[in-house]
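Asks: Contents of run-v1.csv (CSV, C-alpha atoms) are below:
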chain,number,residue,atom,x,y,z
E,11,MET,CA,73.8,-32.6,-4.1
E,12,ALA,CA,77.1,-32.7,-6.0
E,13,GLN,CA,78.4,-35.5,-3.9
E,14,VAL,CA,75.4,-37.8,-4.4
E,15,ILE,CA,76.0,-38.7,-8.0
E,16,PRO,CA,79.6,-39.4,-9.0
E,17,GLY,CA,81.1,-36.9,-11.5
E,18,PRO,CA,81.5,-39.3,-14.5
E,19,LEU,CA,77.9,-40.5,-14.2
E,20,GLN,CA,76.6,-36.9,-13.9
E,21,ASP,CA,78.6,-36.0,-17.0
E,22,LEU,CA,76.8,-38.8,-19.0
E,23,ILE,CA,73.5,-37.7,-17.6
E,24,ASP,CA,74.2,-34.2,-18.8
E,25,ALA,CA,75.4,-35.4,-22.2
E,26,LEU,CA,72.4,-37.6,-22.8
E,27,GLY,CA,70.1,-34.8,-21.7
E,28,GLN,CA,71.0,-33.0,-24.9
E,29,LEU,CA,69.1,-35.5,-27.0
E,30,PRO,CA,65.8,-34.2,-28.2
E,31,GLY,CA,62.9,-34.7,-25.8
E,32,VAL,CA,65.1,-36.2,-23.1
E,33,GLY,CA,64.6,-34.6,-19.6
E,34,PRO,CA,66.7,-35.2,-16.5
E,35,ARG,CA,64.8,-38.2,-15.3
E,36,THR,CA,65.0,-40.0,-18.6
E,37,SER,CA,68.6,-39.2,-19.0
E,38,GLU,CA,69.3,-40.5,-15.5
E,39,ARG,CA,67.5,-43.7,-16.4
E,40,TYR,CA,69.6,-44.1,-19.6
E,41,ALA,CA,72.9,-43.4,-17.9
E,42,TYR,CA,72.2,-45.7,-14.9
E,43,TYR,CA,71.0,-48.4,-17.3
E,44,LEU,CA,74.3,-48.2,-19.2
E,45,LEU,CA,76.3,-48.3,-16.0
E,46,ARG,CA,74.5,-51.3,-14.6
E,47,SER,CA,74.3,-53.4,-17.8
E,48,ASP,CA,77.0,-55.3,-19.5
E,49,ARG,CA,79.8,-53.1,-20.7
E,50,SER,CA,79.2,-54.3,-24.3
E,51,LYS,CA,76.0,-52.1,-24.5
E,52,ALA,CA,77.9,-48.9,-23.6
E,53,GLN,CA,80.7,-50.1,-26.0
E,54,SER,CA,78.3,-50.5,-28.9
E,55,ILE,CA,77.0,-47.0,-28.5
E,56,LEU,CA,80.5,-45.7,-28.1
E,57,GLU,CA,81.7,-47.4,-31.3
E,58,SER,CA,78.7,-46.4,-33.3
E,59,ILE,CA,79.0,-42.7,-32.3
E,60,LYS,CA,82.7,-42.9,-33.2
E,61,LYS,CA,81.9,-44.0,-36.7
E,62,LEU,CA,78.7,-41.9,-37.1
E,63,HIS,CA,80.2,-38.7,-38.7
E,64,SER,CA,83.2,-40.3,-40.4
E,65,GLY,CA,81.2,-43.2,-41.8
E,66,THR,CA,78.4,-41.2,-43.4
E,67,LYS,CA,78.0,-38.3,-45.7
E,68,TYR,CA,75.4,-36.6,-47.9
E,69,CYS,CA,75.0,-37.7,-51.4
E,70,PRO,CA,76.2,-34.8,-53.6
E,71,LYS,CA,73.3,-35.3,-56.1
E,72,THR,CA,70.3,-36.1,-53.9
E,73,PHE,CA,71.5,-35.1,-50.4
E,74,ALA,CA,70.3,-38.3,-49.0
E,75,LEU,CA,72.5,-39.9,-46.3
E,76,ILE,CA,75.0,-42.4,-47.7
E,77,GLU,CA,78.0,-44.2,-46.5
E,78,SER,CA,81.3,-42.4,-46.9
E,79,GLY,CA,82.6,-45.1,-49.4
E,80,GLN,CA,79.7,-44.4,-51.8
E,81,ASP,CA,79.9,-41.8,-54.6
E,82,VAL,CA,76.2,-41.3,-54.9
E,83,SER,CA,73.0,-42.6,-53.3
E,84,PRO,CA,72.1,-46.1,-54.5
E,85,LEU,CA,68.6,-44.9,-54.8
E,86,TYR,CA,69.8,-42.5,-57.5
E,87,SER,CA,72.4,-44.7,-59.2
E,88,ASN,CA,70.1,-47.7,-59.4
E,89,PRO,CA,69.1,-47.8,-63.2
E,90,ARG,CA,65.7,-49.1,-62.3
E,91,ARG,CA,64.7,-45.9,-60.6
E,92,LYS,CA,63.4,-43.1,-62.9
E,93,LYS,CA,65.6,-40.1,-62.7
E,94,THR,CA,62.9,-38.1,-64.5
E,95,ILE,CA,60.5,-38.4,-61.5
E,96,VAL,CA,61.8,-36.7,-58.3
E,97,ALA,CA,60.2,-36.7,-54.9
E,98,VAL,CA,61.3,-33.6,-52.9
E,99,VAL,CA,61.5,-34.3,-49.2
E,100,ALA,CA,62.6,-32.3,-46.2
E,101,ASP,CA,64.8,-34.8,-44.3
E,102,PRO,CA,66.6,-38.0,-45.2
E,103,PHE,CA,64.3,-40.1,-42.9
E,104,ASP,CA,61.3,-39.0,-45.1
E,105,ILE,CA,62.9,-41.3,-47.7
E,106,VAL,CA,62.7,-44.2,-45.3
E,107,ALA,CA,59.0,-43.6,-44.8
E,108,ILE,CA,58.3,-43.4,-48.6
E,109,GLU,CA,60.4,-46.4,-49.4
E,110,LYS,CA,58.4,-48.4,-46.9
E,111,THR,CA,55.3,-47.9,-49.1
E,112,ASN,CA,57.0,-49.7,-52.0
E,113,SER,CA,55.0,-47.6,-54.3
E,114,PHE,CA,57.5,-45.1,-55.6
E,115,SER,CA,60.1,-45.9,-58.3
E,116,GLY,CA,61.5,-42.4,-58.9
E,117,THR,CA,64.4,-40.7,-57.2
E,118,TYR,CA,64.7,-38.4,-54.3
E,119,HIS,CA,65.9,-34.9,-53.5
E,120,VAL,CA,66.5,-34.0,-49.9
E,121,LEU,CA,66.1,-30.3,-49.1
E,122,GLY,CA,67.8,-30.5,-45.7
E,123,GLY,CA,64.9,-28.8,-43.9
E,124,LEU,CA,62.0,-26.5,-44.5
E,125,VAL,CA,61.8,-22.8,-44.7
E,126,SER,CA,61.1,-21.6,-41.2
E,127,PRO,CA,61.6,-17.9,-40.3
E,128,ILE,CA,61.2,-18.7,-36.6
E,129,ASP,CA,64.2,-21.1,-36.7
E,130,ASN,CA,66.2,-18.7,-39.0
E,131,VAL,CA,66.0,-21.2,-41.9
E,132,GLY,CA,65.7,-19.4,-45.2
E,133,PRO,CA,65.6,-20.8,-48.8
E,134,GLU,CA,69.4,-20.2,-49.0
E,135,HIS,CA,69.9,-22.9,-46.3
E,136,LEU,CA,68.1,-25.6,-48.4
E,137,HIS,CA,69.3,-27.5,-51.4
E,138,ILE,CA,66.9,-25.7,-53.8
E,139,ASN,CA,69.5,-24.5,-56.3
E,140,GLU,CA,70.8,-28.0,-56.6
E,141,LEU,CA,67.3,-29.2,-57.2
E,142,ILE,CA,66.9,-26.6,-60.1
E,143,ASN,CA,70.1,-27.8,-61.6
E,144,ARG,CA,68.9,-31.4,-61.4
E,145,VAL,CA,65.7,-30.6,-63.1
E,146,ASP,CA,67.7,-29.4,-66.1
E,147,ALA,CA,70.4,-32.0,-66.0
E,148,ASP,CA,68.2,-35.0,-65.5
E,149,LYS,CA,65.4,-33.7,-67.7
E,150,VAL,CA,62.9,-34.1,-64.9
E,151,GLU,CA,59.3,-34.6,-66.0
E,152,GLU,CA,57.6,-34.7,-62.7
E,153,LEU,CA,58.5,-33.2,-59.4
E,154,ILE,CA,56.5,-34.5,-56.4
E,155,LEU,CA,56.7,-32.0,-53.6
E,156,ALA,CA,56.5,-34.5,-50.7
E,157,THR,CA,56.9,-32.0,-47.8
E,158,ASN,CA,55.0,-32.1,-44.5
E,159,ALA,CA,51.4,-30.9,-44.5
E,160,SER,CA,52.5,-28.1,-42.1
E,161,ILE,CA,52.8,-24.3,-42.7
E,162,GLU,CA,56.6,-24.7,-43.2
E,163,GLY,CA,56.0,-27.7,-45.6
E,164,GLU,CA,53.4,-25.8,-47.6
E,165,SER,CA,55.4,-22.6,-47.9
E,166,THR,CA,58.6,-24.4,-48.9
E,167,ALA,CA,56.6,-26.2,-51.6
E,168,LEU,CA,55.1,-22.9,-52.9
E,169,LEU,CA,58.6,-21.4,-53.0
E,170,ILE,CA,60.0,-24.2,-55.1
E,171,MET,CA,57.0,-23.9,-57.4
E,172,GLN,CA,57.7,-20.3,-57.9
E,173,LYS,CA,61.4,-20.9,-58.6
E,174,LEU,CA,60.6,-23.4,-61.3
E,175,GLU,CA,57.9,-21.4,-63.0
E,176,GLY,CA,58.2,-21.5,-66.8
E,177,LYS,CA,60.1,-24.8,-66.8
E,178,PRO,CA,58.3,-27.6,-68.8
E,179,LEU,CA,57.6,-30.0,-66.0
E,180,LYS,CA,54.7,-31.3,-64.0
E,181,ILE,CA,54.8,-30.3,-60.3
E,182,THR,CA,52.5,-32.3,-58.0
E,183,ARG,CA,52.2,-32.6,-54.3
E,184,LEU,CA,51.0,-35.4,-52.0
E,185,ALA,CA,47.3,-35.7,-51.7
E,186,ARG,CA,45.8,-34.2,-48.5
E,187,GLY,CA,42.8,-35.9,-47.1
E,188,ILE,CA,41.4,-38.1,-44.4
E,189,SER,CA,43.9,-40.5,-43.0
E,190,VAL,CA,43.0,-44.1,-43.9
E,191,GLY,CA,41.0,-45.6,-41.0
E,192,MET,CA,40.1,-42.2,-39.6
E,193,ASP,CA,36.6,-41.2,-38.6
E,194,LEU,CA,35.2,-38.1,-40.4
E,195,GLU,CA,34.1,-36.6,-37.2
E,196,TYR,CA,37.6,-36.5,-35.8
E,197,ALA,CA,39.2,-34.9,-38.9
E,198,ASP,CA,40.1,-31.3,-38.4
E,199,GLN,CA,38.5,-28.5,-40.5
E,200,ILE,CA,41.4,-27.9,-42.8
E,201,THR,CA,42.0,-31.6,-43.6
E,202,LEU,CA,38.3,-32.0,-44.3
E,203,THR,CA,38.4,-28.9,-46.6
E,204,ARG,CA,41.4,-30.4,-48.4
E,205,ALA,CA,39.6,-33.8,-48.7
E,206,PHE,CA,36.6,-32.1,-50.4
E,207,GLU,CA,38.8,-30.1,-52.7
E,208,GLY,CA,40.7,-33.2,-53.7
E,209,ARG,CA,37.6,-35.5,-54.1
E,210,GLN,CA,38.1,-38.2,-56.6
E,211,LEU,CA,35.7,-40.1,-59.0
E,212,MET,CA,34.9,-43.5,-57.7
B,3,MET,CA,65.5,-51.3,-47.1
B,4,ALA,CA,69.1,-51.9,-46.2
B,5,GLN,CA,70.4,-49.3,-48.7
B,6,VAL,CA,68.1,-46.5,-47.5
B,7,ILE,CA,69.9,-45.8,-44.2
B,8,PRO,CA,73.7,-45.9,-44.3
B,9,GLY,CA,75.3,-48.6,-42.2
B,10,PRO,CA,77.0,-46.4,-39.6
B,11,LEU,CA,73.8,-44.6,-38.9
B,12,GLN,CA,71.8,-47.8,-38.7
B,13,ASP,CA,74.4,-49.1,-36.2
B,14,LEU,CA,73.8,-46.2,-34.0
B,15,ILE,CA,70.1,-46.5,-34.3
B,16,ASP,CA,70.4,-50.1,-33.2
B,17,ALA,CA,72.8,-49.3,-30.4
B,18,LEU,CA,70.6,-46.5,-29.0
B,19,GLY,CA,67.6,-48.8,-29.3
B,20,GLN,CA,69.0,-50.9,-26.5
B,21,LEU,CA,68.3,-48.1,-24.0
B,22,PRO,CA,65.3,-48.7,-21.8
B,23,GLY,CA,62.0,-47.6,-23.3
B,24,VAL,CA,63.6,-46.5,-26.6
B,25,GLY,CA,61.8,-47.8,-29.6
B,26,PRO,CA,62.9,-47.6,-33.3
B,27,ARG,CA,61.4,-44.2,-33.9
B,28,THR,CA,62.9,-42.6,-30.9
B,29,SER,CA,66.2,-44.1,-31.6
B,30,GLU,CA,66.1,-42.9,-35.2
B,31,ARG,CA,65.3,-39.4,-33.9
B,32,TYR,CA,68.3,-39.5,-31.4
B,33,ALA,CA,70.7,-40.8,-34.0
B,34,TYR,CA,69.7,-38.4,-36.7
B,35,TYR,CA,69.8,-35.5,-34.2
B,36,LEU,CA,73.4,-36.4,-33.3
B,37,LEU,CA,74.3,-36.7,-37.0
B,38,ARG,CA,72.8,-33.3,-37.8
B,39,SER,CA,74.0,-31.3,-34.9
B,40,ASP,CA,77.4,-30.0,-34.1
B,41,ARG,CA,79.9,-32.8,-33.6
B,42,SER,CA,80.6,-31.6,-30.0
B,43,LYS,CA,77.3,-33.1,-28.9
B,44,ALA,CA,78.1,-36.6,-30.1
B,45,GLN,CA,81.7,-36.0,-28.7
B,46,SER,CA,80.4,-35.2,-25.2
B,47,ILE,CA,78.3,-38.4,-25.2
B,48,LEU,CA,81.3,-40.3,-26.5
B,49,GLU,CA,83.7,-39.0,-23.9
B,50,SER,CA,81.3,-39.5,-21.0
B,51,ILE,CA,80.5,-43.1,-22.0
B,52,LYS,CA,84.2,-43.7,-22.2
B,53,LYS,CA,84.7,-42.6,-18.6
B,54,LEU,CA,81.5,-44.0,-17.2
B,55,HIS,CA,82.8,-47.4,-16.1
B,56,SER,CA,86.3,-46.5,-15.4
B,57,GLY,CA,85.4,-43.4,-13.5
B,58,THR,CA,82.8,-44.9,-11.2
B,59,LYS,CA,82.7,-47.7,-8.7
B,60,TYR,CA,80.5,-48.9,-5.9
B,61,CYS,CA,81.3,-47.9,-2.3
B,62,PRO,CA,82.5,-51.0,-0.5
B,63,LYS,CA,80.6,-50.1,2.6
B,64,THR,CA,77.3,-48.7,1.4
B,65,PHE,CA,77.3,-49.8,-2.3
B,66,ALA,CA,76.3,-46.3,-3.4
B,67,LEU,CA,78.0,-45.1,-6.6
B,68,ILE,CA,81.1,-43.2,-6.0
B,69,GLU,CA,84.0,-41.9,-8.1
B,70,SER,CA,86.9,-44.3,-8.6
B,71,GLY,CA,89.3,-42.0,-6.7
B,72,GLN,CA,87.1,-42.2,-3.5
B,73,ASP,CA,87.6,-44.9,-0.9
B,74,VAL,CA,84.1,-44.7,0.5
B,75,SER,CA,80.9,-42.8,-0.1
B,76,PRO,CA,81.1,-39.2,1.2
B,77,LEU,CA,77.6,-39.7,2.6
B,78,TYR,CA,79.1,-42.4,4.8
B,79,SER,CA,82.5,-40.9,5.7
B,80,ASN,CA,80.9,-37.5,6.5
B,81,PRO,CA,81.1,-37.3,10.3
B,82,ARG,CA,77.8,-35.3,10.5
B,83,ARG,CA,75.9,-38.3,9.1
B,84,LYS,CA,74.7,-40.8,11.8
B,85,LYS,CA,76.2,-44.2,11.1
B,86,THR,CA,73.7,-45.7,13.6
B,87,ILE,CA,70.7,-44.9,11.4
B,88,VAL,CA,70.8,-46.6,8.1
B,89,ALA,CA,68.3,-46.2,5.2
B,90,VAL,CA,68.2,-49.4,3.1
B,91,VAL,CA,67.4,-48.6,-0.6
B,92,ALA,CA,67.2,-50.7,-3.7
B,93,ASP,CA,69.2,-48.6,-6.2
B,94,PRO,CA,71.8,-45.8,-6.0
B,95,PHE,CA,69.3,-43.3,-7.5
B,96,ASP,CA,67.0,-43.8,-4.6
B,97,ILE,CA,69.6,-42.0,-2.5
B,98,VAL,CA,69.3,-39.0,-4.8
B,99,ALA,CA,65.5,-38.9,-4.2
B,100,ILE,CA,65.9,-39.1,-0.4
B,101,GLU,CA,68.7,-36.5,-0.3
B,102,LYS,CA,66.5,-34.1,-2.2
B,103,THR,CA,64.1,-34.1,0.8
B,104,ASN,CA,66.9,-32.8,3.0
B,105,SER,CA,65.2,-34.6,5.9
B,106,PHE,CA,67.5,-37.6,6.5
B,107,SER,CA,70.8,-37.3,8.3
B,108,GLY,CA,71.7,-41.0,8.6
B,109,THR,CA,73.6,-43.1,6.2
B,110,TYR,CA,72.6,-45.4,3.3
B,111,HIS,CA,72.9,-49.0,2.3
B,112,VAL,CA,72.2,-49.9,-1.3
B,113,LEU,CA,70.9,-53.4,-1.9
B,114,GLY,CA,71.6,-53.4,-5.6
B,115,GLY,CA,68.0,-54.5,-6.5
B,116,LEU,CA,65.0,-56.2,-5.0
B,117,VAL,CA,64.2,-59.8,-4.7
B,118,SER,CA,62.3,-60.8,-7.8
B,119,PRO,CA,61.9,-64.4,-8.8
B,120,ILE,CA,60.6,-63.5,-12.2
B,121,ASP,CA,63.9,-61.7,-13.0
B,122,ASN,CA,65.9,-64.4,-11.3
B,123,VAL,CA,67.0,-62.1,-8.6
B,124,GLY,CA,67.4,-63.9,-5.3
B,125,PRO,CA,68.5,-62.6,-1.9
B,126,GLU,CA,72.0,-63.9,-2.7
B,127,HIS,CA,72.3,-61.3,-5.4
B,128,LEU,CA,71.7,-58.4,-3.0
B,129,HIS,CA,74.0,-56.8,-0.5
B,130,ILE,CA,72.1,-58.3,2.5
B,131,ASN,CA,75.0,-60.0,4.2
B,132,GLU,CA,77.0,-56.8,4.0
B,133,LEU,CA,74.1,-55.0,5.6
B,134,ILE,CA,74.0,-57.5,8.5
B,135,ASN,CA,77.8,-57.0,9.0
B,136,ARG,CA,77.3,-53.3,9.0
B,137,VAL,CA,74.5,-53.6,11.6
B,138,ASP,CA,77.0,-55.2,14.0
B,139,ALA,CA,80.1,-53.2,13.0
B,140,ASP,CA,78.4,-49.8,13.2
B,141,LYS,CA,76.2,-50.6,16.1
B,142,VAL,CA,73.1,-49.6,14.1
B,143,GLU,CA,70.2,-48.5,16.2
B,144,GLU,CA,67.6,-47.9,13.5
B,145,LEU,CA,67.2,-49.5,10.1
B,146,ILE,CA,64.7,-47.8,7.8
B,147,LEU,CA,63.6,-50.1,5.0
B,148,ALA,CA,63.1,-47.6,2.3
B,149,THR,CA,62.3,-50.0,-0.5
B,150,ASN,CA,59.5,-49.4,-3.1
B,151,ALA,CA,55.9,-50.0,-2.1
B,152,SER,CA,55.8,-52.8,-4.6
B,153,ILE,CA,55.5,-56.6,-4.1
B,154,GLU,CA,59.3,-56.9,-4.6
B,155,GLY,CA,60.0,-54.0,-2.3
B,156,GLU,CA,57.7,-55.4,0.4
B,157,SER,CA,59.0,-59.0,0.2
B,158,THR,CA,62.7,-57.8,0.2
B,159,ALA,CA,61.9,-55.7,3.3
B,160,LEU,CA,60.3,-58.7,5.0
B,161,LEU,CA,63.3,-60.9,4.2
B,162,ILE,CA,65.7,-58.4,5.7
B,163,MET,CA,63.5,-58.2,8.8
B,164,GLN,CA,63.6,-62.0,9.2
B,165,LYS,CA,67.4,-62.1,8.8
B,166,LEU,CA,67.9,-59.5,11.5
B,167,GLU,CA,65.4,-61.1,14.0
B,168,GLY,CA,66.8,-61.1,17.5
B,169,LYS,CA,69.2,-58.2,17.0
B,170,PRO,CA,68.7,-55.3,19.3
B,171,LEU,CA,67.7,-52.6,16.8
B,172,LYS,CA,64.6,-50.8,15.6
B,173,ILE,CA,63.4,-51.7,12.1
B,174,THR,CA,61.1,-49.2,10.5
B,175,ARG,CA,59.8,-48.7,7.0
B,176,LEU,CA,58.5,-45.7,5.1
B,177,ALA,CA,54.9,-44.7,5.8
B,178,ARG,CA,52.4,-45.8,3.2
B,179,GLY,CA,49.5,-43.6,2.7
B,180,ILE,CA,47.8,-41.1,0.4
B,181,SER,CA,50.3,-39.1,-1.7
B,182,VAL,CA,50.3,-35.4,-0.7
B,183,GLY,CA,47.9,-33.5,-2.9
B,184,MET,CA,46.0,-36.6,-3.9
B,185,ASP,CA,42.2,-37.0,-3.8
B,186,LEU,CA,40.9,-39.8,-1.7
B,187,GLU,CA,38.6,-41.0,-4.4
B,188,TYR,CA,41.6,-41.7,-6.7
B,189,ALA,CA,43.6,-43.7,-4.1
B,190,ASP,CA,43.7,-47.4,-4.8
B,191,GLN,CA,42.2,-49.8,-2.2
B,192,ILE,CA,45.5,-51.1,-0.8
B,193,THR,CA,46.9,-47.6,-0.4
B,194,LEU,CA,43.8,-46.5,1.4
B,195,THR,CA,43.9,-49.6,3.6
B,196,ARG,CA,47.5,-48.8,4.5
B,197,ALA,CA,46.6,-45.1,5.1
B,198,PHE,CA,43.9,-46.3,7.6
B,199,GLU,CA,46.3,-48.7,9.3
B,200,GLY,CA,48.9,-46.0,9.7
B,201,ARG,CA,46.6,-43.2,10.8
B,202,GLN,CA,48.2,-40.7,13.1
B,203,LEU,CA,47.0,-38.5,16.0
B,204,MET,CA,46.5,-34.9,14.9
Rewrite the coordinates I just gave you, this time as C-alpha cells.
Replies:
Amino acid sequence: MAQVIPGPLQDLIDALGQLPGVGPRTSERYAYYLLRSDRSKAQSILESIKKLHSGTKYCPKTFALIESGQDVSPLYSNPRRKKTIVAVVADPFDIVAIEKTNSFSGTYHVLGGLVSPIDNVGPEHLHINELINRVDADKVEELILATNASIEGESTALLIMQKLEGKPLKITRLARGISVGMDLEYADQITLTRAFEGRQLM
Amino acid sequence: MAQVIPGPLQDLIDALGQLPGVGPRTSERYAYYLLRSDRSKAQSILESIKKLHSGTKYCPKTFALIESGQDVSPLYSNPRRKKTIVAVVADPFDIVAIEKTNSFSGTYHVLGGLVSPIDNVGPEHLHINELINRVDADKVEELILATNASIEGESTALLIMQKLEGKPLKITRLARGISVGMDLEYADQITLTRAFEGRQLM
C-alpha cells in the first residue's frame, strides 16, 4: 500500500491524525482537502501554527491564555472587573463559555486541569498555590468554584475548599440542576437529586 | 469577546475551521490541543503542510497523486499491472479503496472529480480527453467505470460512454446491489431495483 499514497501526503495524514478525535478517514479527508484546495488555505494553517506557541503565553496571575505582548490578562487588569470575586475554572476555554453569558463581572483563575489520578494529574500540577496567594493578595471575598460537574471537577473543588479552610472568604460553586429546556423525565438521578437539594423559593 | 482568546490562537481556530466538516467547537478543540501538547505535534503538522504541495504532484498519465520525484504513478509503470484494463475513478483516494481489496490488477485513471452542474464542474474540468487518448495509446480492452453510485457518478459514467462510442473496447461499471451484510428490508428502492436487474446465476 505504501506506493498508493505519496509520502508527503501520508506524512500529513499521520500528523493530522494526532489531533483529538481524528481517525484515519477524517485525517485523509483533511489532508486531501488541503492538497486540492487553493494553497492559501494550507498557508493560513501553516502561518497560524507557526505563531501559535510564540504568540501566546499564560497570564502569570490568572493563567488565562494571553498574547505574548501582554503582561497580564485584560480580564484581570480591566478596572471594571472585581478582583475580589474570582471564578476558578479548569481550562482557558471555560472562560470563553462564561464570558458568553455576560453575567459575570469578577476575574478568573485557571487551574490548568482537574485532579485526575487516572491521568496522573495531582494537585501539584494545578495552579492551586497561586490561587491561595491570590486570595490573600487580592483580598478575595468570594471564590466561585466553576469546575465541571464531573467526579474530577467535584473532587478538585473539594480539595481547594479544604486548602482554604479558615480563610475569611465565601466559597460557592455553580448551581447543579435541570438544564434549561430539559424535560424532568430525561434528567439523570444525580442531577435530579442535586436539583432537589438546591431548590429555590419562587 | 475579542480579548478573551488571544489573537494567535484565534487565528489558528479560524484557519482550522476551514477544514471540511470542522465547526467552531471542533476547531477550538484542535487548536487548544496543539497549544497544550508538546510542541513536536504542532511541528509535525507544520512540516508536513510545508512539504505537501511541493512534495506531491499528479501523474501525467493517470492523474493519481505521486511524489514529485516520480515520473509516473508506480501503479502505472509496474509491468505486472495490465495497461489494457483501466479503472476510471473520480478521486485519487478511490484508488486506495480499490487497492485495499487486492482484487484489481489493471491500471487507474483519475478524473479529478465528477460532472456536477451545481458545483460548476463540467466535463471540460475532468481528465476525460486524456482518458480517450490513453484508450488509443494503450490499446485499452476494458474500461471499468468505477465512479460513485450517485447522480454525479452515473452521469459522468454515461458521458464517458458516449464519448467512447464506436471504439472497440468493453465498457463496464461496478455492480450495484445490496451491500454485503445488509438486510434486504433496509435497502432503498433504487438499490433493490438495481440488485434485481443485476441478479446473477448461482
Asks: Find the residues near Leu124 of chain E: any atom within 7 Å, counting all atoms listed in the file, skip ones fewer than 5 places away on the same chain, and give them as a ChimeraX atom specification.
Replies: /E:100,162-163,166
Asks: Write out as a short mmCIF file (atom, residue, chain, number, x, y, z; two decimals) with C-alpha atoms, in the coordinates of the input each polymer residue whose atoms come within 10 Å of segment 160-167 of chain B, counting only C-alpha atoms; drop sequence neighbours fewer than 2 positions from it.
Replies:
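As a result, selection-v8.cif now contains:
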data_model
loop_
_atom_site.label_atom_id
_atom_site.label_comp_id
_atom_site.auth_asym_id
_atom_site.auth_seq_id
_atom_site.Cartn_x
_atom_site.Cartn_y
_atom_site.Cartn_z
CA VAL B 90 68.20 -49.40 3.10
CA VAL B 117 64.20 -59.80 -4.70
CA PRO B 125 68.50 -62.60 -1.90
CA ILE B 130 72.10 -58.30 2.50
CA ASN B 131 75.00 -60.00 4.20
CA LEU B 133 74.10 -55.00 5.60
CA ILE B 134 74.00 -57.50 8.50
CA VAL B 137 74.50 -53.60 11.60
CA LEU B 145 67.20 -49.50 10.10
CA LEU B 147 63.60 -50.10 5.00
CA GLU B 154 59.30 -56.90 -4.60
CA GLY B 155 60.00 -54.00 -2.30
CA GLU B 156 57.70 -55.40 0.40
CA SER B 157 59.00 -59.00 0.20
CA THR B 158 62.70 -57.80 0.20
CA LYS B 169 69.20 -58.20 17.00
CA PRO B 170 68.70 -55.30 19.30
CA LEU B 171 67.70 -52.60 16.80
CA ILE B 173 63.40 -51.70 12.10
CA THR B 174 61.10 -49.20 10.50
#
Asks: Rounded to one decimal place, report the atom CA of Lys110 of chain E-atom CA of Phe206 of chain E distance in Å.
Replies: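 A separation of 27.4 Å between them.
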Asks: Counting all atoms listed in the file, which residue out of B:Glu144, B:Ala89, B:Pro62, B:Asp96 sits closest to chain E?
Replies: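 Nearest to chain E: B:Asp96.
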Asks: Using all atoms listed in the file, which chain B residues lie at most 9 Å away from chain E, written as a CSV table (one decimal) with C-alpha atoms, in the frame of the given file?
Replies:
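Heads up, here's the output in result.csv:
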chain,number,residue,atom,x,y,z
B,3,MET,CA,65.5,-51.3,-47.1
B,5,GLN,CA,70.4,-49.3,-48.7
B,6,VAL,CA,68.1,-46.5,-47.5
B,7,ILE,CA,69.9,-45.8,-44.2
B,8,PRO,CA,73.7,-45.9,-44.3
B,9,GLY,CA,75.3,-48.6,-42.2
B,10,PRO,CA,77.0,-46.4,-39.6
B,11,LEU,CA,73.8,-44.6,-38.9
B,12,GLN,CA,71.8,-47.8,-38.7
B,13,ASP,CA,74.4,-49.1,-36.2
B,14,LEU,CA,73.8,-46.2,-34.0
B,15,ILE,CA,70.1,-46.5,-34.3
B,16,ASP,CA,70.4,-50.1,-33.2
B,17,ALA,CA,72.8,-49.3,-30.4
B,18,LEU,CA,70.6,-46.5,-29.0
B,20,GLN,CA,69.0,-50.9,-26.5
B,21,LEU,CA,68.3,-48.1,-24.0
B,22,PRO,CA,65.3,-48.7,-21.8
B,30,GLU,CA,66.1,-42.9,-35.2
B,31,ARG,CA,65.3,-39.4,-33.9
B,32,TYR,CA,68.3,-39.5,-31.4
B,33,ALA,CA,70.7,-40.8,-34.0
B,34,TYR,CA,69.7,-38.4,-36.7
B,35,TYR,CA,69.8,-35.5,-34.2
B,36,LEU,CA,73.4,-36.4,-33.3
B,37,LEU,CA,74.3,-36.7,-37.0
B,41,ARG,CA,79.9,-32.8,-33.6
B,43,LYS,CA,77.3,-33.1,-28.9
B,44,ALA,CA,78.1,-36.6,-30.1
B,45,GLN,CA,81.7,-36.0,-28.7
B,46,SER,CA,80.4,-35.2,-25.2
B,47,ILE,CA,78.3,-38.4,-25.2
B,48,LEU,CA,81.3,-40.3,-26.5
B,49,GLU,CA,83.7,-39.0,-23.9
B,50,SER,CA,81.3,-39.5,-21.0
B,51,ILE,CA,80.5,-43.1,-22.0
B,52,LYS,CA,84.2,-43.7,-22.2
B,53,LYS,CA,84.7,-42.6,-18.6
B,54,LEU,CA,81.5,-44.0,-17.2
B,55,HIS,CA,82.8,-47.4,-16.1
B,56,SER,CA,86.3,-46.5,-15.4
B,57,GLY,CA,85.4,-43.4,-13.5
B,58,THR,CA,82.8,-44.9,-11.2
B,59,LYS,CA,82.7,-47.7,-8.7
B,66,ALA,CA,76.3,-46.3,-3.4
B,67,LEU,CA,78.0,-45.1,-6.6
B,68,ILE,CA,81.1,-43.2,-6.0
B,69,GLU,CA,84.0,-41.9,-8.1
B,70,SER,CA,86.9,-44.3,-8.6
B,75,SER,CA,80.9,-42.8,-0.1
B,76,PRO,CA,81.1,-39.2,1.2
B,77,LEU,CA,77.6,-39.7,2.6
B,94,PRO,CA,71.8,-45.8,-6.0
B,95,PHE,CA,69.3,-43.3,-7.5
B,97,ILE,CA,69.6,-42.0,-2.5
B,98,VAL,CA,69.3,-39.0,-4.8
B,101,GLU,CA,68.7,-36.5,-0.3
B,102,LYS,CA,66.5,-34.1,-2.2
Asks: From the list B:Ser107, B:Ala139, B:Val123, B:Pro26, which residue is nearest Lys63 of chain B when using all atoms listed in the file?
Replies: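 Smallest distance to Lys63 of chain B is found for B:Ala139.
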Asks: Please report the interatomic distance between atom CA of Ile180 of chain B and atom CA of Thr149 of chain B in Å with one decimal.
Replies: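 Between atom CA of Ile180 of chain B and atom CA of Thr149 of chain B the gap works out to 17.0 Å.
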Asks: What is the atom CA of Gln202 of chain B-atom CA of Leu176 of chain B distance in Å, reported with one decimal?
Replies: 14.0 Å
Asks: Can you work out which one of B:Thr109, B:Ser39, B:Ser29, B:Ser118 has the shortest atom-to-atom distance to Val91 of chain B, counting only C-alpha atoms?
Replies: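 With only C-alpha atoms as the atom set, the closest residue is B:Thr109.
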